[in-house]
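Raw contents of data_19.csv, CSV, C-alpha atoms:
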```csv
chain,number,residue,atom,x,y,z
E,1,MET,CA,14.7,-95.9,-53.3
E,2,THR,CA,15.1,-92.3,-53.9
E,3,GLN,CA,18.3,-90.2,-53.6
E,4,THR,CA,16.9,-88.6,-50.4
E,5,ASP,CA,16.5,-91.9,-48.7
E,6,ARG,CA,20.0,-92.9,-49.6
E,7,THR,CA,21.3,-89.7,-48.1
E,8,ALA,CA,19.3,-90.1,-44.9
E,9,ARG,CA,20.5,-93.7,-44.4
E,10,ARG,CA,24.2,-93.0,-45.3
E,11,PRO,CA,26.4,-93.3,-42.2
E,12,PRO,CA,28.2,-90.1,-41.2
E,13,GLU,CA,31.5,-89.5,-42.7
E,14,PRO,CA,34.6,-89.6,-40.5
E,15,GLY,CA,35.2,-86.1,-39.1
E,16,GLY,CA,31.9,-84.9,-40.2
E,17,PRO,CA,29.0,-83.5,-38.0
E,18,THR,CA,27.2,-86.1,-35.9
E,19,THR,CA,23.4,-86.0,-35.3
E,20,ARG,CA,22.0,-87.2,-32.0
E,21,THR,CA,18.5,-88.5,-31.8
E,22,ARG,CA,16.6,-88.0,-28.5
E,23,ARG,CA,13.3,-89.4,-27.5
E,24,PRO,CA,10.2,-87.2,-27.3
E,25,GLU,CA,9.6,-86.1,-23.7
E,26,GLN,CA,6.6,-84.6,-21.9
E,27,GLY,CA,6.6,-80.8,-22.1
E,28,ASP,CA,8.2,-80.7,-25.5
E,29,GLY,CA,5.3,-78.4,-26.6
E,30,ILE,CA,6.8,-75.5,-24.5
E,31,ALA,CA,9.8,-73.8,-25.9
E,32,PRO,CA,12.9,-74.1,-23.6
E,33,GLY,CA,13.4,-70.3,-23.7
E,34,LEU,CA,9.8,-69.7,-22.4
E,35,VAL,CA,10.4,-72.2,-19.5
E,36,ARG,CA,13.5,-70.3,-18.5
E,37,VAL,CA,11.7,-66.9,-18.6
E,38,ARG,CA,8.8,-68.2,-16.5
E,39,LEU,CA,11.2,-69.8,-13.9
E,40,ARG,CA,13.2,-66.6,-13.7
E,41,ARG,CA,10.1,-64.5,-13.2
E,42,PHE,CA,8.8,-66.8,-10.5
E,43,LEU,CA,12.1,-66.9,-8.7
E,44,SER,CA,12.5,-63.1,-9.0
E,45,PHE,CA,9.0,-62.4,-7.6
E,46,ARG,CA,9.6,-64.8,-4.6
E,47,LEU,CA,13.0,-63.3,-4.0
E,48,ILE,CA,11.7,-59.7,-4.0
E,49,VAL,CA,8.8,-60.6,-1.7
E,50,SER,CA,11.1,-62.4,0.7
E,51,LEU,CA,13.6,-59.6,0.7
E,52,GLY,CA,10.9,-57.0,1.2
E,53,VAL,CA,9.5,-58.8,4.2
E,54,THR,CA,12.9,-59.2,5.7
E,55,LEU,CA,13.7,-55.5,5.2
E,56,VAL,CA,10.5,-54.4,6.8
E,57,VAL,CA,11.0,-56.7,9.8
E,58,VAL,CA,14.6,-55.7,10.2
E,59,SER,CA,13.8,-52.0,9.9
E,60,ALA,CA,11.0,-52.2,12.4
E,61,ALA,CA,13.1,-54.1,14.9
E,62,THR,CA,16.0,-51.6,14.5
E,63,ALA,CA,13.6,-48.7,15.1
E,64,LEU,CA,12.2,-50.3,18.2
E,65,ALA,CA,15.7,-51.0,19.5
E,66,PHE,CA,16.8,-47.4,18.9
E,67,ASP,CA,13.6,-46.3,20.7
E,68,ARG,CA,14.6,-48.3,23.8
E,69,LEU,CA,18.0,-46.7,23.8
E,70,GLN,CA,16.8,-43.1,23.8
E,71,GLN,CA,16.2,-41.2,27.1
E,72,PRO,CA,12.5,-40.8,27.8
E,73,VAL,CA,11.1,-37.3,27.8
E,74,TYR,CA,7.9,-36.4,29.8
E,75,GLY,CA,5.6,-33.4,29.5
E,76,ALA,CA,3.3,-31.1,31.4
E,77,GLN,CA,0.6,-29.0,29.8
E,78,ALA,CA,-1.7,-26.0,30.6
E,79,ASP,CA,-4.4,-24.3,28.6
E,80,VAL,CA,-5.1,-20.6,28.8
E,81,VAL,CA,-8.1,-18.8,27.3
E,82,PHE,CA,-7.1,-15.5,25.6
E,83,GLN,CA,-10.2,-13.5,24.6
E,84,PRO,CA,-9.5,-10.2,22.8
E,85,SER,CA,-11.7,-7.2,23.5
E,86,GLY,CA,-15.0,-7.0,21.6
E,87,GLU,CA,-14.2,-3.5,20.6
E,88,LEU,CA,-11.4,-4.7,18.3
E,89,SER,CA,-11.9,-5.7,14.7
E,90,ASP,CA,-11.6,-9.4,13.7
E,91,PHE,CA,-8.3,-8.8,12.0
E,92,ARG,CA,-6.8,-7.1,15.1
E,93,ALA,CA,-8.3,-9.7,17.4
E,94,GLN,CA,-6.8,-12.6,15.4
E,95,ARG,CA,-3.5,-10.8,15.3
E,96,ASP,CA,-3.5,-10.4,19.1
E,97,VAL,CA,-4.2,-14.1,19.6
E,98,GLY,CA,-1.5,-15.1,17.1
E,99,THR,CA,1.2,-13.0,18.9
E,100,GLN,CA,0.7,-14.8,22.2
E,101,PRO,CA,3.1,-17.7,21.4
E,102,LEU,CA,5.8,-15.1,20.7
E,103,ILE,CA,5.0,-13.4,24.0
E,104,LEU,CA,5.2,-16.7,25.9
E,105,ARG,CA,8.6,-17.5,24.3
E,106,SER,CA,10.0,-14.1,24.8
E,107,LEU,CA,12.5,-13.1,27.6
E,108,ALA,CA,9.7,-11.1,29.3
E,109,VAL,CA,8.2,-14.5,30.3
E,110,ILE,CA,11.0,-17.1,30.3
E,111,GLY,CA,13.6,-14.7,31.7
E,112,PRO,CA,11.9,-14.6,35.2
E,113,VAL,CA,11.1,-18.3,34.9
E,114,SER,CA,14.8,-19.1,34.3
E,115,GLN,CA,15.7,-17.1,37.4
E,116,SER,CA,13.2,-18.8,39.6
E,117,THR,CA,13.8,-22.4,38.4
E,118,GLY,CA,17.6,-22.1,37.7
E,119,ILE,CA,17.2,-23.5,34.2
E,120,PRO,CA,19.1,-21.7,31.4
E,121,VAL,CA,17.1,-19.7,29.0
E,122,ASP,CA,18.3,-21.7,25.9
E,123,LYS,CA,17.2,-24.9,27.6
E,124,LEU,CA,13.8,-23.4,28.4
E,125,GLU,CA,13.4,-22.3,24.8
E,126,LYS,CA,13.9,-25.8,23.6
E,127,ALA,CA,11.6,-27.4,26.3
E,128,LEU,CA,8.7,-24.9,25.8
E,129,THR,CA,6.1,-25.4,23.1
E,130,VAL,CA,3.2,-23.0,22.5
E,131,ASP,CA,0.3,-24.0,20.2
E,132,LEU,CA,-3.1,-22.5,19.2
E,133,PRO,CA,-5.3,-25.6,18.7
E,134,SER,CA,-7.6,-25.3,15.7
E,135,GLN,CA,-6.9,-21.5,15.5
E,136,SER,CA,-9.1,-21.0,18.6
E,137,ASP,CA,-8.7,-18.6,21.5
E,138,ILE,CA,-7.0,-21.3,23.6
E,139,VAL,CA,-3.2,-21.0,24.2
E,140,ARG,CA,-1.7,-24.4,25.0
E,141,ILE,CA,1.6,-24.4,26.9
E,142,THR,CA,3.6,-27.6,26.9
E,143,VAL,CA,6.9,-28.2,28.7
E,144,ALA,CA,9.2,-31.2,28.0
E,145,ASP,CA,11.8,-32.6,30.4
E,146,PRO,CA,13.3,-35.9,31.3
E,147,ASP,CA,11.9,-35.5,34.8
E,148,ARG,CA,8.1,-35.4,35.1
E,149,ALA,CA,8.0,-33.3,38.2
E,150,THR,CA,10.4,-30.7,36.7
E,151,ALA,CA,8.2,-30.5,33.6
E,152,GLU,CA,5.1,-29.7,35.7
E,153,ARG,CA,7.0,-27.2,37.9
E,154,VAL,CA,8.3,-25.3,34.8
E,155,ALA,CA,4.9,-25.4,33.2
E,156,LYS,CA,3.4,-23.8,36.3
E,157,ALA,CA,6.1,-21.1,36.4
E,158,VAL,CA,5.6,-20.2,32.8
E,159,THR,CA,1.8,-20.1,33.1
E,160,ASP,CA,1.9,-17.9,36.2
E,161,GLN,CA,4.4,-15.5,34.7
E,162,TYR,CA,2.3,-15.2,31.6
E,163,LEU,CA,-1.0,-14.7,33.5
E,164,SER,CA,0.7,-12.0,35.7
E,165,ARG,CA,0.8,-9.8,32.6
E,166,PHE,CA,-3.0,-9.6,32.5
E,167,VAL,CA,-6.0,-9.2,34.7
E,168,THR,CA,-7.4,-12.7,35.2
E,169,SER,CA,-10.1,-12.1,37.8
E,170,ASP,CA,-13.7,-12.5,36.8
E,171,VAL,CA,-14.7,-9.5,38.9
E,172,PRO,CA,-14.0,-6.1,37.2
E,173,SER,CA,-10.6,-4.8,38.3
E,174,VAL,CA,-10.7,-2.0,40.9
E,175,ASN,CA,-8.6,0.9,39.6
E,176,PRO,CA,-7.8,3.3,42.4
E,177,ALA,CA,-7.6,6.2,40.0
E,178,ALA,CA,-11.1,5.4,38.6
E,179,VAL,CA,-12.5,5.1,42.1
E,180,GLU,CA,-11.1,8.5,43.1
E,181,LEU,CA,-12.4,10.1,39.9
E,182,LYS,CA,-15.9,8.6,40.5
E,183,ARG,CA,-15.9,10.0,44.1
E,184,GLU,CA,-14.8,13.4,43.0
E,185,VAL,CA,-17.3,13.5,40.1
E,186,LYS,CA,-20.1,12.5,42.5
E,187,PHE,CA,-19.1,15.2,45.0
E,188,LEU,CA,-18.7,17.8,42.3
E,189,SER,CA,-22.0,17.0,40.7
E,190,GLY,CA,-23.7,17.5,44.1
E,191,SER,CA,-22.0,20.8,44.5
E,192,VAL,CA,-22.8,22.1,41.0
E,193,SER,CA,-26.4,21.0,41.5
E,194,GLY,CA,-26.6,22.9,44.8
E,195,MET,CA,-25.1,26.0,43.1
E,196,LEU,CA,-27.5,25.9,40.2
E,197,ASN,CA,-30.5,25.5,42.5
E,198,ARG,CA,-29.3,28.5,44.6
E,199,LEU,CA,-28.8,30.6,41.5
E,200,ASP,CA,-32.2,29.8,40.3
E,201,ARG,CA,-33.8,30.8,43.6
E,202,LEU,CA,-31.8,34.1,43.7
E,203,SER,CA,-32.8,34.8,40.1
E,204,ARG,CA,-36.5,34.4,41.0
E,205,GLU,CA,-36.2,36.5,44.1
E,206,ARG,CA,-34.5,39.4,42.3
E,207,SER,CA,-36.9,42.0,40.9
E,208,PRO,CA,-37.0,42.6,37.1
E,209,GLY,CA,-34.2,45.1,36.0
E,210,GLN,CA,-32.3,44.7,39.3
E,211,PRO,CA,-28.6,43.7,38.7
E,212,PRO,CA,-27.4,40.4,40.2
E,213,GLY,CA,-26.1,40.7,43.8
E,214,VAL,CA,-22.7,39.8,45.1
E,215,GLU,CA,-23.8,36.4,46.2
E,216,GLU,CA,-25.3,35.6,42.8
E,217,GLN,CA,-22.2,36.8,40.9
E,218,THR,CA,-20.0,34.7,43.1
E,219,LEU,CA,-22.1,31.6,42.6
E,220,GLN,CA,-22.2,32.2,38.8
E,221,ALA,CA,-18.4,32.3,38.7
E,222,ALA,CA,-18.0,29.3,41.0
E,223,SER,CA,-20.6,27.2,39.1
E,224,THR,CA,-18.8,27.9,35.8
E,225,VAL,CA,-15.5,26.7,37.2
E,226,ALA,CA,-17.1,23.7,38.8
E,227,LEU,CA,-18.9,22.7,35.6
E,228,GLN,CA,-15.7,22.9,33.6
E,229,ARG,CA,-13.9,20.8,36.2
E,230,LEU,CA,-16.8,18.3,36.2
E,231,ARG,CA,-16.6,17.9,32.4
E,232,ASN,CA,-12.8,17.3,32.6
E,233,LEU,CA,-13.3,14.6,35.3
E,234,GLN,CA,-16.0,12.9,33.3
E,235,SER,CA,-13.7,12.8,30.3
E,236,GLU,CA,-10.9,11.2,32.3
E,237,LEU,CA,-13.2,8.7,33.8
E,238,ALA,CA,-14.6,7.7,30.4
E,239,ALA,CA,-11.0,7.2,29.1
E,240,LEU,CA,-10.2,4.9,32.0
E,241,GLU,CA,-13.4,2.9,31.5
E,242,SER,CA,-12.8,2.5,27.7
E,243,LYS,CA,-9.2,1.4,28.4
E,244,ARG,CA,-10.5,-1.2,30.8
E,245,PHE,CA,-12.9,-2.6,28.2
E,246,VAL,CA,-10.2,-2.7,25.4
E,247,GLU,CA,-7.9,-5.0,27.5
E,248,PRO,CA,-8.2,-8.7,26.7
E,249,ASN,CA,-9.7,-11.2,29.1
E,250,VAL,CA,-7.2,-13.9,29.9
E,251,SER,CA,-8.0,-16.8,32.2
E,252,LEU,CA,-6.7,-20.2,33.1
E,253,LEU,CA,-8.7,-23.0,31.6
E,254,VAL,CA,-6.8,-26.1,32.5
E,255,PRO,CA,-4.1,-25.8,35.3
E,256,PRO,CA,-0.6,-27.2,34.6
E,257,HIS,CA,-0.7,-31.0,34.9
E,258,PRO,CA,1.6,-33.9,33.8
E,259,LEU,CA,0.7,-35.7,30.6
E,260,GLU,CA,0.2,-39.4,30.6
E,261,GLY,CA,2.9,-41.5,29.0
E,262,ARG,CA,6.0,-40.1,27.3
E,263,LEU,CA,6.3,-37.3,24.8
E,264,LYS,CA,9.1,-39.1,23.1
E,265,PRO,CA,10.2,-41.6,22.1
E,266,ARG,CA,6.9,-43.4,21.3
E,267,ALA,CA,7.0,-47.1,20.3
E,268,VAL,CA,4.2,-46.8,17.9
E,269,GLN,CA,5.7,-44.0,16.0
E,270,SER,CA,9.1,-45.6,15.9
E,271,LEU,CA,7.5,-48.9,14.6
E,272,ALA,CA,5.7,-47.0,11.9
E,273,VAL,CA,8.8,-45.1,10.9
E,274,GLY,CA,10.8,-48.4,10.7
E,275,MET,CA,8.1,-50.1,8.6
E,276,LEU,CA,8.0,-47.2,6.2
E,277,ALA,CA,11.8,-47.3,5.9
E,278,GLY,CA,11.6,-51.0,5.1
E,279,LEU,CA,8.9,-50.5,2.5
E,280,PHE,CA,10.9,-47.7,0.8
E,281,ALA,CA,13.9,-50.0,0.8
E,282,THR,CA,11.9,-52.8,-0.7
E,283,ALA,CA,10.5,-50.5,-3.4
E,284,GLY,CA,14.1,-49.5,-4.3
E,285,VAL,CA,15.2,-53.1,-4.5
E,286,ALA,CA,12.3,-54.1,-6.7
E,287,VAL,CA,12.9,-51.2,-9.1
E,288,ALA,CA,16.6,-52.2,-9.3
E,289,ALA,CA,15.8,-55.8,-9.9
E,290,LEU,CA,13.0,-55.2,-12.5
E,291,TRP,CA,14.8,-52.4,-14.4
E,292,PRO,CA,17.0,-54.7,-16.6
E,293,ARG,CA,13.9,-56.8,-17.6
E,294,ARG,CA,12.0,-53.7,-18.5
E,295,ARG,CA,15.0,-52.5,-20.5
E,296,ASP,CA,15.1,-55.8,-22.4
E,297,LEU,CA,11.4,-55.6,-23.1
E,298,LEU,CA,11.8,-52.1,-24.4
E,299,ARG,CA,14.6,-53.2,-26.7
E,300,GLY,CA,12.6,-56.2,-27.9
E,301,GLY,CA,9.7,-53.9,-28.7
E,302,GLY,CA,12.0,-51.6,-30.6
E,303,ASP,CA,13.5,-54.5,-32.6
E,304,GLY,CA,10.1,-55.8,-33.4
E,305,SER,CA,9.0,-52.4,-34.8
```
Could the structure of this file be written out as structure tokens, please?
Amino acid sequence: MTQTDRTARRPPEPGGPTTRTRRPEQGDGIAPGLVRVRLRRFLSFRLIVSLGVTLVVVSAATALAFDRLQQPVYGAQADVVFQPSGELSDFRAQRDVGTQPLILRSLAVIGPVSQSTGIPVDKLEKALTVDLPSQSDIVRITVADPDRATAERVAKAVTDQYLSRFVTSDVPSVNPAAVELKREVKFLSGSVSGMLNRLDRLSRERSPGQPPGVEEQTLQAASTVALQRLRNLQSELAALESKRFVEPNVSLLVPPHPLEGRLKPRAVQSLAVGMLAGLFATAGVAVAALWPRRRDLLRGGGDGS
């Protein structure tokens, strides 16, 4: 028997270290540390998923509950077509369209509306929304109010006040000054034509070398004054006509009408916001839970290098 066998069979000395012998068990091929790591990862993943689902459900339910507690707001809407004059450049036309929301929200429009409806100006400014859908020539007027009838009434008042600033008839507007100018130009043109015809006849009847008579001289002076007056009238009429064509064409496309449903709150939007809040909270919890493990991995990689 060798010295090693004697040492292995020697009983332990009193007070010395004891050695326990255990039976081989199933799973001894896996290191205990690896088992703990896998179990911790599994439990952490399940915990994060469960917590995430809980946060999403709770956030969505809270958002829906808050949605139910809010006061419903209804809306009324109208569409107006604003077509700038064709005589303007594209830049000027686009600028004119872009200034319409400012005009609609100015005191020139909402001031008279406030007086007729009895609603304060500051409240009207908050309730009124003006949009230009898709950068088109359509001006969309929207009014929000807890009462659906009040929203429609205010939308109609705002639209009427805005349209009153423009000529909305499809028939060309009748300008009394232009009508009077046309009548005077027509009369004066006939008078000048008669004078010129009479002067031509007198000139043919007069013998060569004979000076013009009194009637002919009088007609020449009168025709000169009439021609100058006719030119002035024609210039004034042309200015009025050009001004009419420069003015924009504004017409009502869709009359003021109440919108279906509520403007706010909306259950679908509230639910979406609640779910997003739950997802963000879940992401934060996951990062907070996984950060220590990532830090340990980074340290282990640093020690191994």
Checklist entry - Interatomic distance between atom CA of Pro208 of chain E and atom CA of Leu196 of chain E? => result 19.5 Å
Checklist entry - Got a sec: who's within 12 Å of Val214 of chain E, counting only C-alpha atoms, leaving out chain neighbours fewer than 5 positions off, as a list in words? => result Leu199, Leu202, Leu219, Gln220 and Ala221 of chain E
Checklist entry - Which is closest to Ser235 of chain E among E:Ser193, E:Arg206, E:Pro211, E:Lys182, if we use all atoms listed in the file? => result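 Residue with the minimum atom-to-atom distance to Ser235 of chain E: E:Lys182.
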Checklist entry - Rounded to one decimal in Å, what is the spacing between atom CA of Tyr162 of chain E and atom CA of Gln94 of chain E? => result 18.8 Å
Next on the checklist: For a test of reading the model, state the distance in Å between atom CA of Leu128 of chain E and atom CA of Ile141 of chain E, rounded to one decimal.
Outcome noted: 7.2 Å
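Of the listed residues (E:Ala127, E:Arg95, E:Val254, E:Phe187), E:Ala127 comes nearest to Ile110 of chain E; the distances count all atoms listed in the file.
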Item to check | Gly98 of chain E surroundings by only C-alpha atoms, 12 Å radius, close-in-sequence under 6 positions cut, as a list in words | outcome: Phe82, Gln83, Pro84, Phe91, Arg92, Leu104, Val130, Asp131, Leu132, Pro133, Ser134, Gln135, Ser136, Asp137, Ile138 and Val139 of chain E
Checklist entry - Which residue gives the smallest distance to Ala277 of chain E among E:Gln71, E:Ala157, E:Val58, E:Thr224, with all atoms listed in the file counted? => result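 Among the listed residues, E:Val58 lies closest to Ala277 of chain E.
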Next on the checklist: When you count only C-alpha atoms, which of these residues is closest to Asp122 of chain E: E:Arg140, E:Arg229, E:Arg105, E:Arg148?
Outcome noted: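 When distances to Asp122 of chain E are compared using only C-alpha atoms, the smallest one comes from E:Arg105.
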Next on the checklist: So, with only C-alpha atoms as the atoms that count, which of E:Ala149, E:Val273, E:Ala177, E:Leu279 lies closest to Thr54 of chain E?
Outcome noted: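 Under the stated criterion, the closest residue is E:Leu279.
If only C-alpha atoms are the atoms counted, then among E:Thr218, E:Leu253, E:Val49, E:Ser59 the closest residue to Leu276 of chain E is E:Ser59.
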Checklist entry - Excluding same-chain residues fewer than 3 positions from Pro258 of chain E, what lies within 7 Å of it counting only C-alpha atoms, as JSON, numbers by chain? => result {"E": [75, 76, 77, 148, 152]}
